[in-house]
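*Asks:* One structure follows; several queries about it will come next.
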Amino acid sequence: MSQARLLEEPADDDGDDAAASGTGGAVLLSGRKRWQVPAALEIATALAWRLLLLGAAVLVVIYVLGLLGAVVFPVVLALIAASLLAPSAHALSRFKWLPHGIATAIVIVGGVAIVGGVFYGVGLAFVSGLPELSSQLLASVAGIQQWLRTGPLGLNNEQFTEVGNQLFAYLQSSQATLAQSALGAVSTVGEVLTELLLALFTLIFFVYNGGQVWRFVLQAIPRQARDRSDIAGRRAFASLVGYTRATILVAAADAITAGVGLWLIGIPLPVPLAALIFFGAFVPTLGAVVSGVVAVLVGLVSGGITDALLVVLLLVLVQNLEGYILQPLLLGRSIKLHPLAVVLPIACGLVLAGIAGALLAVPLVTVIDAGVRSLNRASDGHGLDPETVDALDPRSARPDWHVGEQPPRSFVARAVDAVRSRTSSA
């Protein structure tokens, strides 16, 4: 029967009923099913427009946050500082004779003094040794360049020479560029002080009555999802508490261990190098690589290949000490991120927001990871009282699976199951 004749003949009652039902997006001609959208394609298109809408919303949020960066960054900094200081204020307020307001004042003043003093001392040591450190790096690059020319590789082509000369000239001008940047930063001192005051003001209220602030935020969430969101938020903040606490302690331990080791090996500038390792610990993985390369280069130019190899062994020992002893001891099972979940967010944060984005990328991923895991955990949605989840205890961030509870299935597994069910029903 030709297609023209099919189009002329009216469909029977069964065909009308089938067309009215609209099953599977089928098109009916004379009561016969001509074609049907495959289940996989239907799921893919449904996901595609939702992902596009979600991506547009994320871009809008990033754009708005960029416009309000002078406000957002101090608030985020205050939130991170509150995750470090709030547990201490809560512990002090347990004494009946000490009001919570006074405990908050003691913790904030003491914490700001200690943290500020540590960062000031480390920063001063790094800045004071920076000129000599730059000279050592300059000599290291020159030595490597000479070895590549006269060594077994024999790289003496013009392109390599040009690249080496450019790098050499860049390192020579680094001190002048740093001085110009410092002079340019003087014009922003007022802005920096304003943001620090805003961060301090916000920190006071986060530590004093952060729970009240969180309950106010929860009012924007529908009542039927409020308890579940409350639990997820508490676990997310608990993960931030554990991350901040562990990062500070690990950075200090790495810097002290590496500094003592560099001094014993006989590497010059052990204090500035230890300071660089301390700051590098706040950018996981990437910071350790950069600070380690600098230390190896200084060891290479000061003591040759032997000292450089000793520095490499020292840094490997420090990283193993951190990975197998310090982090499990400080974090336990509360925070575990795949290396890709660390490196890729740091790279994205560096591209989107520079150094500030690289510093805040991993804490943001840690918070999101704990919150999403809580939303996917079945036990968090079955009558669990949010008040039983301690937001100041890192162990609350990622509790062990309950007995008889299966971990949530991955997105890919759920999508495959959906395609199979749709195909079998069709």
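A note on labels: chains of the structure tokens are A, B, ... as shown, every chain counts residues from 1, and ligands are counted from 1 in their shown order.
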DSSP on the backbone, then: every residue of region 184-426 of chain A marked helix (DSSP H, G or I), written as a PyMOL selection string.
*Replies:* chain A and resi 184-218+223-265+270-280+286-331+340-376+378-381+386-388+394-396+411-425
*Asks:* Write out as a PDB file with all heavy atoms, in the first residue's frame the residues lying within 12 Å of Val318 (chain A), counting only C-alpha atoms and excluding same-chain residues fewer than 4 positions away.
*Replies:*
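New file out_35.pdb:
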```pdb
ATOM      1  N   VAL A 250      49.030  20.106  58.807  1.00  0.00           N
ATOM      2  CA  VAL A 250      49.888  19.435  57.831  1.00  0.00           C
ATOM      3  C   VAL A 250      50.885  20.412  57.231  1.00  0.00           C
ATOM      4  O   VAL A 250      52.066  20.080  57.021  1.00  0.00           O
ATOM      5  CB  VAL A 250      49.030  18.771  56.734  1.00  0.00           C
ATOM      6  CG1 VAL A 250      49.882  18.323  55.561  1.00  0.00           C
ATOM      7  CG2 VAL A 250      48.283  17.573  57.309  1.00  0.00           C
ATOM      8  N   ALA A 251      50.436  21.635  56.929  1.00  0.00           N
ATOM      9  CA  ALA A 251      51.348  22.640  56.371  1.00  0.00           C
ATOM     10  C   ALA A 251      52.474  22.946  57.350  1.00  0.00           C
ATOM     11  O   ALA A 251      53.645  23.043  56.958  1.00  0.00           O
ATOM     12  CB  ALA A 251      50.571  23.910  56.030  1.00  0.00           C
ATOM     13  N   ALA A 252      52.140  23.087  58.637  1.00  0.00           N
ATOM     14  CA  ALA A 252      53.174  23.360  59.639  1.00  0.00           C
ATOM     15  C   ALA A 252      54.132  22.177  59.775  1.00  0.00           C
ATOM     16  O   ALA A 252      55.364  22.365  59.850  1.00  0.00           O
ATOM     17  CB  ALA A 252      52.515  23.673  60.979  1.00  0.00           C
ATOM     18  N   ALA A 253      53.591  20.964  59.795  1.00  0.00           N
ATOM     19  CA  ALA A 253      54.454  19.783  59.930  1.00  0.00           C
ATOM     20  C   ALA A 253      55.359  19.624  58.715  1.00  0.00           C
ATOM     21  O   ALA A 253      56.558  19.310  58.853  1.00  0.00           O
ATOM     22  CB  ALA A 253      53.596  18.533  60.121  1.00  0.00           C
ATOM     23  N   ASP A 254      54.806  19.832  57.519  1.00  0.00           N
ATOM     24  CA  ASP A 254      55.632  19.735  56.309  1.00  0.00           C
ATOM     25  C   ASP A 254      56.744  20.763  56.309  1.00  0.00           C
ATOM     26  O   ASP A 254      57.897  20.464  55.959  1.00  0.00           O
ATOM     27  CB  ASP A 254      54.756  19.926  55.068  1.00  0.00           C
ATOM     28  CG  ASP A 254      53.861  18.727  54.807  1.00  0.00           C
ATOM     29  OD1 ASP A 254      54.043  17.697  55.476  1.00  0.00           O
ATOM     30  OD2 ASP A 254      52.980  18.828  53.933  1.00  0.00           O
ATOM     31  N   ALA A 255      56.409  21.999  56.680  1.00  0.00           N
ATOM     32  CA  ALA A 255      57.407  23.063  56.658  1.00  0.00           C
ATOM     33  C   ALA A 255      58.518  22.801  57.670  1.00  0.00           C
ATOM     34  O   ALA A 255      59.715  22.966  57.358  1.00  0.00           O
ATOM     35  CB  ALA A 255      56.740  24.409  56.940  1.00  0.00           C
ATOM     36  N   ILE A 256      58.144  22.385  58.882  1.00  0.00           N
ATOM     37  CA  ILE A 256      59.159  22.137  59.916  1.00  0.00           C
ATOM     38  C   ILE A 256      60.045  20.958  59.518  1.00  0.00           C
ATOM     39  O   ILE A 256      61.286  21.022  59.604  1.00  0.00           O
ATOM     40  CB  ILE A 256      58.482  21.891  61.269  1.00  0.00           C
ATOM     41  CG1 ILE A 256      57.771  23.166  61.747  1.00  0.00           C
ATOM     42  CG2 ILE A 256      59.511  21.427  62.301  1.00  0.00           C
ATOM     43  CD1 ILE A 256      56.957  22.974  62.998  1.00  0.00           C
ATOM     44  N   THR A 257      59.428  19.859  59.066  1.00  0.00           N
ATOM     45  CA  THR A 257      60.211  18.681  58.682  1.00  0.00           C
ATOM     46  C   THR A 257      61.127  18.977  57.509  1.00  0.00           C
ATOM     47  O   THR A 257      62.320  18.628  57.525  1.00  0.00           O
ATOM     48  CB  THR A 257      59.255  17.530  58.318  1.00  0.00           C
ATOM     49  OG1 THR A 257      58.351  17.296  59.399  1.00  0.00           O
ATOM     50  CG2 THR A 257      60.037  16.268  58.031  1.00  0.00           C
ATOM     51  N   ALA A 258      60.594  19.639  56.491  1.00  0.00           N
ATOM     52  CA  ALA A 258      61.408  19.957  55.321  1.00  0.00           C
ATOM     53  C   ALA A 258      62.503  20.960  55.663  1.00  0.00           C
ATOM     54  O   ALA A 258      63.637  20.847  55.180  1.00  0.00           O
ATOM     55  CB  ALA A 258      60.524  20.500  54.198  1.00  0.00           C
ATOM     56  N   GLY A 259      62.177  21.959  56.490  1.00  0.00           N
ATOM     57  CA  GLY A 259      63.186  22.949  56.863  1.00  0.00           C
ATOM     58  C   GLY A 259      64.344  22.325  57.621  1.00  0.00           C
ATOM     59  O   GLY A 259      65.524  22.621  57.338  1.00  0.00           O
ATOM     60  N   VAL A 260      64.043  21.463  58.586  1.00  0.00           N
ATOM     61  CA  VAL A 260      65.108  20.793  59.341  1.00  0.00           C
ATOM     62  C   VAL A 260      65.927  19.895  58.422  1.00  0.00           C
ATOM     63  O   VAL A 260      67.171  19.846  58.493  1.00  0.00           O
ATOM     64  CB  VAL A 260      64.500  19.989  60.508  1.00  0.00           C
ATOM     65  CG1 VAL A 260      65.570  19.132  61.189  1.00  0.00           C
ATOM     66  CG2 VAL A 260      63.856  20.923  61.516  1.00  0.00           C
ATOM     67  N   GLY A 261      65.241  19.172  57.528  1.00  0.00           N
ATOM     68  CA  GLY A 261      65.962  18.308  56.599  1.00  0.00           C
ATOM     69  C   GLY A 261      66.862  19.083  55.650  1.00  0.00           C
ATOM     70  O   GLY A 261      68.011  18.678  55.398  1.00  0.00           O
ATOM     71  N   LEU A 262      66.369  20.195  55.120  1.00  0.00           N
ATOM     72  CA  LEU A 262      67.200  21.021  54.237  1.00  0.00           C
ATOM     73  C   LEU A 262      68.408  21.584  54.982  1.00  0.00           C
ATOM     74  O   LEU A 262      69.511  21.683  54.424  1.00  0.00           O
ATOM     75  CB  LEU A 262      66.358  22.158  53.653  1.00  0.00           C
ATOM     76  CG  LEU A 262      65.250  21.751  52.676  1.00  0.00           C
ATOM     77  CD1 LEU A 262      64.395  22.960  52.310  1.00  0.00           C
ATOM     78  CD2 LEU A 262      65.842  21.125  51.422  1.00  0.00           C
ATOM     79  N   ALA A 274      61.404  26.516  53.525  1.00  0.00           N
ATOM     80  CA  ALA A 274      60.374  25.957  54.403  1.00  0.00           C
ATOM     81  C   ALA A 274      59.121  26.814  54.383  1.00  0.00           C
ATOM     82  O   ALA A 274      57.997  26.293  54.418  1.00  0.00           O
ATOM     83  CB  ALA A 274      60.919  25.824  55.828  1.00  0.00           C
ATOM     84  N   ILE A 277      57.271  25.977  51.248  1.00  0.00           N
ATOM     85  CA  ILE A 277      56.574  24.692  51.397  1.00  0.00           C
ATOM     86  C   ILE A 277      55.321  24.862  52.255  1.00  0.00           C
ATOM     87  O   ILE A 277      54.283  24.238  51.995  1.00  0.00           O
ATOM     88  CB  ILE A 277      57.538  23.653  52.003  1.00  0.00           C
ATOM     89  CG1 ILE A 277      58.642  23.326  51.000  1.00  0.00           C
ATOM     90  CG2 ILE A 277      56.794  22.381  52.394  1.00  0.00           C
ATOM     91  CD1 ILE A 277      59.741  22.440  51.555  1.00  0.00           C
ATOM     92  N   ALA A 281      51.459  24.151  50.804  1.00  0.00           N
ATOM     93  CA  ALA A 281      50.566  23.121  51.332  1.00  0.00           C
ATOM     94  C   ALA A 281      49.101  23.534  51.262  1.00  0.00           C
ATOM     95  O   ALA A 281      48.216  22.668  51.313  1.00  0.00           O
ATOM     96  CB  ALA A 281      50.944  22.786  52.770  1.00  0.00           C
ATOM     97  N   ALA A 288      52.712  21.478  46.372  1.00  0.00           N
ATOM     98  CA  ALA A 288      53.843  20.632  46.745  1.00  0.00           C
ATOM     99  C   ALA A 288      54.802  20.449  45.575  1.00  0.00           C
ATOM    100  O   ALA A 288      56.026  20.434  45.754  1.00  0.00           O
ATOM    101  CB  ALA A 288      53.336  19.276  47.236  1.00  0.00           C
ATOM    102  N   GLY A 292      58.502  21.950  45.710  1.00  0.00           N
ATOM    103  CA  GLY A 292      59.524  20.912  45.616  1.00  0.00           C
ATOM    104  C   GLY A 292      60.504  21.156  44.490  1.00  0.00           C
ATOM    105  O   GLY A 292      61.717  20.944  44.648  1.00  0.00           O
ATOM    106  N   VAL A 311      67.569  16.121  48.359  1.00  0.00           N
ATOM    107  CA  VAL A 311      66.370  16.940  48.528  1.00  0.00           C
ATOM    108  C   VAL A 311      65.140  16.198  48.001  1.00  0.00           C
ATOM    109  O   VAL A 311      64.063  16.235  48.611  1.00  0.00           O
ATOM    110  CB  VAL A 311      66.546  18.299  47.825  1.00  0.00           C
ATOM    111  CG1 VAL A 311      65.243  19.077  47.838  1.00  0.00           C
ATOM    112  CG2 VAL A 311      67.638  19.105  48.498  1.00  0.00           C
ATOM    113  N   VAL A 312      65.291  15.519  46.863  1.00  0.00           N
ATOM    114  CA  VAL A 312      64.173  14.738  46.320  1.00  0.00           C
ATOM    115  C   VAL A 312      63.752  13.655  47.311  1.00  0.00           C
ATOM    116  O   VAL A 312      62.550  13.461  47.578  1.00  0.00           O
ATOM    117  CB  VAL A 312      64.561  14.117  44.963  1.00  0.00           C
ATOM    118  CG1 VAL A 312      63.495  13.135  44.498  1.00  0.00           C
ATOM    119  CG2 VAL A 312      64.756  15.205  43.921  1.00  0.00           C
ATOM    120  N   LEU A 313      64.713  12.939  47.878  1.00  0.00           N
ATOM    121  CA  LEU A 313      64.388  11.904  48.868  1.00  0.00           C
ATOM    122  C   LEU A 313      63.718  12.507  50.095  1.00  0.00           C
ATOM    123  O   LEU A 313      62.775  11.921  50.649  1.00  0.00           O
ATOM    124  CB  LEU A 313      65.665  11.157  49.272  1.00  0.00           C
ATOM    125  CG  LEU A 313      66.312  10.284  48.193  1.00  0.00           C
ATOM    126  CD1 LEU A 313      67.604   9.666  48.702  1.00  0.00           C
ATOM    127  CD2 LEU A 313      65.348   9.201  47.731  1.00  0.00           C
ATOM    128  N   LEU A 314      64.198  13.682  50.515  1.00  0.00           N
ATOM    129  CA  LEU A 314      63.581  14.347  51.664  1.00  0.00           C
ATOM    130  C   LEU A 314      62.130  14.713  51.372  1.00  0.00           C
ATOM    131  O   LEU A 314      61.240  14.483  52.217  1.00  0.00           O
ATOM    132  CB  LEU A 314      64.385  15.600  52.017  1.00  0.00           C
ATOM    133  CG  LEU A 314      63.773  16.516  53.090  1.00  0.00           C
ATOM    134  CD1 LEU A 314      63.711  15.801  54.430  1.00  0.00           C
ATOM    135  CD2 LEU A 314      64.565  17.819  53.202  1.00  0.00           C
ATOM    136  N   GLU A 322      53.082  12.813  55.250  1.00  0.00           N
ATOM    137  CA  GLU A 322      51.792  13.498  55.192  1.00  0.00           C
ATOM    138  C   GLU A 322      50.672  12.559  54.778  1.00  0.00           C
ATOM    139  O   GLU A 322      49.589  12.554  55.375  1.00  0.00           O
ATOM    140  CB  GLU A 322      51.882  14.667  54.209  1.00  0.00           C
ATOM    141  CG  GLU A 322      50.563  15.343  53.921  1.00  0.00           C
ATOM    142  CD  GLU A 322      50.673  16.383  52.835  1.00  0.00           C
ATOM    143  OE1 GLU A 322      51.791  16.872  52.582  1.00  0.00           O
ATOM    144  OE2 GLU A 322      49.639  16.724  52.215  1.00  0.00           O
ATOM    145  N   GLY A 323      50.927  11.766  53.719  1.00  0.00           N
ATOM    146  CA  GLY A 323      49.854  10.941  53.163  1.00  0.00           C
ATOM    147  C   GLY A 323      49.477   9.746  54.009  1.00  0.00           C
ATOM    148  O   GLY A 323      48.312   9.362  54.052  1.00  0.00           O
ATOM    149  N   TYR A 324      50.473   9.134  54.680  1.00  0.00           N
ATOM    150  CA  TYR A 324      50.212   7.884  55.387  1.00  0.00           C
ATOM    151  C   TYR A 324      50.084   8.038  56.898  1.00  0.00           C
ATOM    152  O   TYR A 324      49.615   7.111  57.568  1.00  0.00           O
ATOM    153  CB  TYR A 324      51.321   6.862  55.083  1.00  0.00           C
ATOM    154  CG  TYR A 324      51.326   6.390  53.653  1.00  0.00           C
ATOM    155  CD1 TYR A 324      52.231   6.897  52.738  1.00  0.00           C
ATOM    156  CD2 TYR A 324      50.409   5.448  53.218  1.00  0.00           C
ATOM    157  CE1 TYR A 324      52.240   6.474  51.418  1.00  0.00           C
ATOM    158  CE2 TYR A 324      50.403   5.009  51.906  1.00  0.00           C
ATOM    159  CZ  TYR A 324      51.326   5.522  51.013  1.00  0.00           C
ATOM    160  OH  TYR A 324      51.308   5.112  49.704  1.00  0.00           O
ATOM    161  N   ILE A 325      50.501   9.169  57.445  1.00  0.00           N
ATOM    162  CA  ILE A 325      50.450   9.337  58.898  1.00  0.00           C
ATOM    163  C   ILE A 325      49.617  10.552  59.290  1.00  0.00           C
ATOM    164  O   ILE A 325      48.629  10.439  60.025  1.00  0.00           O
ATOM    165  CB  ILE A 325      51.868   9.458  59.483  1.00  0.00           C
ATOM    166  CG1 ILE A 325      52.658   8.168  59.233  1.00  0.00           C
ATOM    167  CG2 ILE A 325      51.807   9.750  60.977  1.00  0.00           C
ATOM    168  CD1 ILE A 325      54.077   8.204  59.746  1.00  0.00           C
ATOM    169  N   LEU A 326      49.985  11.736  58.784  1.00  0.00           N
ATOM    170  CA  LEU A 326      49.334  12.960  59.248  1.00  0.00           C
ATOM    171  C   LEU A 326      47.881  13.037  58.817  1.00  0.00           C
ATOM    172  O   LEU A 326      46.986  13.259  59.653  1.00  0.00           O
ATOM    173  CB  LEU A 326      50.112  14.182  58.739  1.00  0.00           C
ATOM    174  CG  LEU A 326      51.523  14.352  59.302  1.00  0.00           C
ATOM    175  CD1 LEU A 326      52.191  15.580  58.713  1.00  0.00           C
ATOM    176  CD2 LEU A 326      51.478  14.462  60.823  1.00  0.00           C
TER     177      LEU A 326
END
```
*Asks:* Nearest to Ala353 (chain A) among A:Glu191, A:Leu67, A:Ala89, A:Val294, with distances taken over only C-alpha atoms: which residue is it?
*Replies:* A:Leu67
*Asks:* Can you measure CA of Ile108 (chain A) to CA of Glu195 (chain A) for me? One decimal in Å is fine.
*Replies:*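 According to the coordinates, CA of Ile108 (chain A) and CA of Glu195 (chain A) are separated by 17.0 Å.
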*Asks:* Between A:Val283, A:Val37, A:Ala82, A:Val76, single out the one closest to Asn209 (chain A), counting only C-alpha atoms.
*Replies:*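 With only C-alpha atoms as the atom set, the closest residue is A:Ala82.
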*Asks:* Which of these residues is nearest to Thr285 (chain A), using only C-alpha atoms: A:Ile346, A:Leu79, A:Leu317, A:Leu309?
*Replies:* A:Ile346
